[in-house]
There are 2 protein chains.
Amino acid sequence: MTPTQFPDGMAFVQGRYVPIAEAAIPITDWGFLRSDATYDVVTVWDGAFFRLEAHLERFLHSCQRWRLDPGLNAQQITEVLSQCVRLSGLRSSYVEMICTRGQPAWGSRDPRQAVNQFYAFAVPYVWIANAEQRDQGLHLKISEVQRIPSTSVDPRAKNYHWNDLTMGLLDALDAGADSVLLVDAQGNVVEGPGFNVFCLRHGALITPDAGMLEGITRRTVIEIAQSRGMTPQLRPLPADELRHADEVFITTSGGGILPVTRVDQCQIGDGRPGPITRQLIQTYWDWHQNPAYSLAIDYSR
Amino acid sequence: MTPTQFPDGMAFVQGRYVPIAEAAIPITDWGFLRSDATYDVVTVWDGAFFRLEAHLERFLHSCQRWRLDPGLNAQQITEVLSQCVRLSGLRSSYVEMICTRGQPAWGSRDPRQAVNQFYAFAVPYVWIANAEQRDQGLHLKISEVQRIPSTSVDPRAKNYHWNDLTMGLLDALDAGADSVLLVDAQGNVVEGPGFNVFCLRHGALITPDAGMLEGITRRTVIEIAQSRGMTPQLRPLPADELRHADEVFITTSGGGILPVTRVDQCQIGDGRPGPITRQLIQTYWDWHQNPAYSLAIDYSR
């Protein structure tokens with residue numbers, strides 16, 4: 001193993017690898033000025049990508065959905081991401097790939113005339129819950145802010161349209177919660193900032209089926225449950241049903257499966273992470289050793 | 001007058017003035033990664049800002065709405081914007097001020113811990129319609145994409161959540177139209193990418209009252225109409241009413257009042273810019289000479 005050279009992270013910007021602190025995008029890129037961009041996040045754990053193939057497939061689908069061309073195929077993107085991780089020396093990393101619209105000649109309003117840009121960076125692994133929260137379970141607030149509906153922005157193609165999530169998060173933090181869940185116009189919970197939600201009720205595993213990103217960690221939980229003989233219910237999840245669930249957890253690339261022990265003023269179960277949740281967490285991390293989902297990075301190159 | 005030094009534009013980035021081509025924001029700024037930012041655009045015409053006070057007031061309101069702090073007051077922002085224009089030497093300019101969330105320590109998910117950032121740039125004046133379109137009138141397509149609703153993102157506080165506008169625009173351009181108008185869930189037209197819409201029908205001037213940005217050019221048109229004894233109707237505007245209007249125009253800082261002569265397959269009026277529209281355009285440009293709305297830039301400093 002080579003010594004860690006850039007423990008804060010490395011980025012790929014305009015064809016060059018640069019330390020994360022120097023990574024920047026032109027202020028005139030529509031990826032910023034119109035949030036006209038897509039992205040995906042894959043993690044590296046113990047020196048290996050987890051489910052990179054699924055993330056690449058979704059990233060390329062998102063690009064297609066927004067009519068963006070990263071100019072690189074899956075293999076080339078894999079090489080760039082691997083190089084970012086390799087140069088950083090990080091054994092556990094949060095790795096983001098991005099495609100922006102770029103910009104057409106100044107004054108043009110035609111997105112078709114823009115030259116799309118590909119960016120990437122690898123930084124230290126991100127836990128969206130700290131060690132105490134992972135042990136005790138998170139406290140979530142259900143927001144009154146409605147998630148941007150599918151009739152406006154397709155939530156299955158990743159995007160940076162997070163104002164609703166951010167405003168809901170600020171309210172939740174002010175109220176003393178750890179994070180937030182947004183609802184749809186019918187009052188069903190859909191997703192939080194960077195995570196999907198599941199609950200267990202009367203033995204059934206339930207997660208929303210529409211209005212949210214179809215997370216790879218969400219998919220992993222569905223597959224784990226199926227491998228254990230469970231049949232997850234993908235359906236609308238009313239806020240009140242979640243509040244009165246037996247177990248609740250969220251799923252994210254930023255920490256995997258994270259237990260939730262309070263939703264608004266309602267304690268979930270006995271107030272501690274539930275037994276099924278704990279089993280799923282165990283299996284989630286076990287699956288990181290499965291070569292079918294794992295791609296080791298060669299740090300010696 | 002000093003010679004034009006940076007005709008492509010100048011930017012203010014992290015406390016320094018730099019040519020626009022060098023202006024960049026950190027890739028890790030949540031202003032990009034979460035589109036957690038606000039902005040405003042004011043124009044300079046013939047060496048003077050037009051309605052700068054109104055734009056500054058709205059910008060500071062937008063910042064407050066999103067809990068962003070630009071760290072500068074209206075007077076200080078005026079100085080930065082003036083300096084960008086001055087250094088560029090541009091007599092007609094499109095001037096953008098931006099406040100981003102910045103970023104908290106890596107791994108933190110708390111927007112309250114971020115240090116917000118102020119950016120600005122002055123570039124050549126932008127016309128969102130070219131000379132021929134301004135003369136002949138624009139062809140707009142009414143999109144099936146719904147504008148992000150107010151229940152998700154407050155449209156009165158400016159934001160870069162434009163995916164819906166961009167996807168609608170791409171469809172419209174493919175269909176041979178010049179630009180696009182989005183609707184709300186009830187099928188009323190609300191706004192297009194960077195502009196408001198008005199129509200004249202049976203002598204009444206009508207513009208939507210909800211679901212869209214309250215543009216300063218829109219406000220100017222309302223004030224011009226009132227000064228001429230008209231009483232503009234601010235109310236929901238069904239798509240079909242617009243298609244069958246006598247005159248249609250859009251309003252934007254990127255060109256003021258721009259005539260529309262076709263909406264979907266419907267010709268508006270006799271297919272040429274209408275008489276009231278032309279009078280409003282004349283008055284709009286006349287008002288640029290009004291010292292109440294105009295702030296001259298001292299280029300000699």
# chains A, B, ... in the order shown; residues from 1 in each chain; ligands from 1

$ interface_residues --of "chain B" --to "chain A" --cutoff "6 Å" --atoms "only C-alpha atoms" --output "list in words"
Ala23, Ala24, Ile25, Pro26, Ile27, Phe32, Arg34, Ser35, Gly107, Val126, Val145, Gln146, Arg147, Ile148, Thr151, Ser152, Val153, Tyr160, His161, Trp162 and Asp164 of chain B

$ closest_residue --among "B:Leu60, B:Gln76, B:Val180, B:Leu295" --to "Lys141 of chain B" --atoms "only C-alpha atoms"
B:Val180

$ residues_around --residues "Leu138 of chain B" --least-positions-apart "5" --cutoff "6 Å" --atoms "only C-alpha atoms" --output "CSV table (one decimal) with N, CA, C and O atoms, in the first residue's frame"
chain,number,residue,atom,x,y,z
B,133,GLN,N,-36.2,37.7,-33.7
B,133,GLN,CA,-37.3,37.3,-32.9
B,133,GLN,C,-37.9,38.5,-32.2
B,133,GLN,O,-39.2,38.5,-32.0
B,260,VAL,N,-44.6,38.1,-28.4
B,260,VAL,CA,-44.9,36.7,-28.7
B,260,VAL,C,-46.0,36.7,-29.8
B,260,VAL,O,-47.0,37.3,-29.6
B,261,THR,N,-45.8,36.0,-30.9
B,261,THR,CA,-46.8,36.1,-32.0
B,261,THR,C,-47.3,34.7,-32.3
B,261,THR,O,-48.2,34.5,-33.2

$ closest_residue --among "A:Ser294, A:Asn116, A:Ser93, A:Ser82" --to "Phe49 of chain A" --atoms "only C-alpha atoms"
A:Ser294

$ residues_around --residues "Arg201 of chain A" --least-positions-apart "3" --cutoff "6 Å" --atoms "only C-alpha atoms" --output "MDAnalysis selection string"
chainID A and resid 204 245:246

$ residues_around --residues "segment 211-227 of chain A" --least-positions-apart "5" --cutoff "6 Å" --atoms "only C-alpha atoms" --output "ChimeraX atom specification"
/A:150,155-156,190-191,251-252

$ atom_distance --atom1 "atom CA of Gly274 of chain B" --atom2 "atom CA of Gly229 of chain B"
18.6 Å

$ select_by_dssp --residues "segment 76-132 of chain B" --states "strand (DSSP E or B)" --output "NGL selection string"
:B and (93-100 or 117-124)

$ atom_distance --atom1 "atom CA of Ala175 of chain B" --atom2 "atom CA of Ser143 of chain B"
10.9 Å

$ atom_distance --atom1 "atom CA of Asp240 of chain A" --atom2 "atom CA of Gln136 of chain A"
22.2 Å

$ select_by_dssp --residues "segment 64-235 of chain A" --states "alpha helix (DSSP H)" --output "MDAnalysis selection string"
chainID A and resid 64:65 74:88 131:136 163:174 216:227

$ closest_residue --among "B:Gln265, B:Gln14, B:Thr78, B:Thr100" --to "Val42 of chain B" --atoms "only C-alpha atoms"
B:Thr78

$ residues_around --residues "Leu237 of chain B" --least-positions-apart "5" --cutoff "10 Å" --atoms "only C-alpha atoms" --output "PyMOL selection string"
chain B and resi 183+186-190+197-199+206-210+242

$ write_last_selection --atoms "N, CA, C and O atoms" --output "PDB file, in the first residue's frame"
ATOM      1  N   VAL B 183     -46.693  25.124 -16.977  1.00  0.00           N
ATOM      2  CA  VAL B 183     -48.015  25.253 -16.362  1.00  0.00           C
ATOM      3  C   VAL B 183     -47.960  24.801 -14.903  1.00  0.00           C
ATOM      4  O   VAL B 183     -46.984  24.206 -14.465  1.00  0.00           O
ATOM      5  N   GLN B 186     -52.993  22.873 -12.286  1.00  0.00           N
ATOM      6  CA  GLN B 186     -54.338  23.163 -12.782  1.00  0.00           C
ATOM      7  C   GLN B 186     -54.352  23.541 -14.261  1.00  0.00           C
ATOM      8  O   GLN B 186     -55.418  23.860 -14.816  1.00  0.00           O
ATOM      9  N   GLY B 187     -53.170  23.544 -14.889  1.00  0.00           N
ATOM     10  CA  GLY B 187     -53.120  23.858 -16.312  1.00  0.00           C
ATOM     11  C   GLY B 187     -53.069  25.344 -16.614  1.00  0.00           C
ATOM     12  O   GLY B 187     -53.248  25.749 -17.761  1.00  0.00           O
ATOM     13  N   ASN B 188     -52.798  26.159 -15.603  1.00  0.00           N
ATOM     14  CA  ASN B 188     -52.583  27.580 -15.845  1.00  0.00           C
ATOM     15  C   ASN B 188     -51.107  27.808 -16.186  1.00  0.00           C
ATOM     16  O   ASN B 188     -50.233  27.205 -15.557  1.00  0.00           O
ATOM     17  N   VAL B 189     -50.833  28.683 -17.149  1.00  0.00           N
ATOM     18  CA  VAL B 189     -49.437  28.997 -17.431  1.00  0.00           C
ATOM     19  C   VAL B 189     -48.874  29.806 -16.269  1.00  0.00           C
ATOM     20  O   VAL B 189     -49.578  30.632 -15.671  1.00  0.00           O
ATOM     21  N   VAL B 190     -47.609  29.554 -15.936  1.00  0.00           N
ATOM     22  CA  VAL B 190     -47.011  30.291 -14.821  1.00  0.00           C
ATOM     23  C   VAL B 190     -45.784  31.112 -15.240  1.00  0.00           C
ATOM     24  O   VAL B 190     -45.746  32.320 -15.045  1.00  0.00           O
ATOM     25  N   VAL B 197     -44.990  36.066 -18.152  1.00  0.00           N
ATOM     26  CA  VAL B 197     -45.799  36.190 -19.359  1.00  0.00           C
ATOM     27  C   VAL B 197     -47.020  37.076 -19.086  1.00  0.00           C
ATOM     28  O   VAL B 197     -47.568  37.081 -17.981  1.00  0.00           O
ATOM     29  N   PHE B 198     -47.392  37.850 -20.097  1.00  0.00           N
ATOM     30  CA  PHE B 198     -48.589  38.697 -20.054  1.00  0.00           C
ATOM     31  C   PHE B 198     -49.398  38.428 -21.321  1.00  0.00           C
ATOM     32  O   PHE B 198     -48.845  38.074 -22.361  1.00  0.00           O
ATOM     33  N   CYS B 199     -50.705  38.694 -21.234  1.00  0.00           N
ATOM     34  CA  CYS B 199     -51.481  38.752 -22.463  1.00  0.00           C
ATOM     35  C   CYS B 199     -52.510  39.869 -22.385  1.00  0.00           C
ATOM     36  O   CYS B 199     -52.830  40.371 -21.304  1.00  0.00           O
ATOM     37  N   ILE B 206     -53.445  40.887 -18.626  1.00  0.00           N
ATOM     38  CA  ILE B 206     -53.530  39.787 -17.662  1.00  0.00           C
ATOM     39  C   ILE B 206     -52.162  39.149 -17.472  1.00  0.00           C
ATOM     40  O   ILE B 206     -51.430  38.926 -18.448  1.00  0.00           O
ATOM     41  N   THR B 207     -51.807  38.851 -16.223  1.00  0.00           N
ATOM     42  CA  THR B 207     -50.577  38.097 -15.944  1.00  0.00           C
ATOM     43  C   THR B 207     -50.831  37.203 -14.738  1.00  0.00           C
ATOM     44  O   THR B 207     -51.624  37.557 -13.854  1.00  0.00           O
ATOM     45  N   PRO B 208     -50.187  36.028 -14.712  1.00  0.00           N
ATOM     46  CA  PRO B 208     -50.396  35.113 -13.578  1.00  0.00           C
ATOM     47  C   PRO B 208     -50.047  35.769 -12.239  1.00  0.00           C
ATOM     48  O   PRO B 208     -49.183  36.659 -12.185  1.00  0.00           O
ATOM     49  N   ASP B 209     -50.694  35.317 -11.190  1.00  0.00           N
ATOM     50  CA  ASP B 209     -50.502  35.905  -9.862  1.00  0.00           C
ATOM     51  C   ASP B 209     -49.829  34.968  -8.870  1.00  0.00           C
ATOM     52  O   ASP B 209     -49.538  35.364  -7.751  1.00  0.00           O
ATOM     53  N   ALA B 210     -49.588  33.726  -9.267  1.00  0.00           N
ATOM     54  CA  ALA B 210     -49.012  32.765  -8.316  1.00  0.00           C
ATOM     55  C   ALA B 210     -48.220  31.700  -9.054  1.00  0.00           C
ATOM     56  O   ALA B 210     -48.433  31.462 -10.241  1.00  0.00           O
ATOM     57  N   LEU B 242     -54.526  32.002 -23.029  1.00  0.00           N
ATOM     58  CA  LEU B 242     -53.323  32.602 -23.605  1.00  0.00           C
ATOM     59  C   LEU B 242     -53.270  32.348 -25.107  1.00  0.00           C
ATOM     60  O   LEU B 242     -52.948  33.248 -25.896  1.00  0.00           O
TER      61      LEU B 242
END

$ closest_residue --among "A:Asp264, A:Glu247, A:Asp69, A:Glu132" --to "Arg101 of chain A" --atoms "only C-alpha atoms"
A:Asp69

$ residues_around --residues "Gln75 of chain B" --least-positions-apart "5" --cutoff "12 Å" --atoms "only C-alpha atoms" --output "list in words"
Leu52, Glu53, Leu56, Glu57, Leu60, Val80, Leu81 and Ser82 of chain B
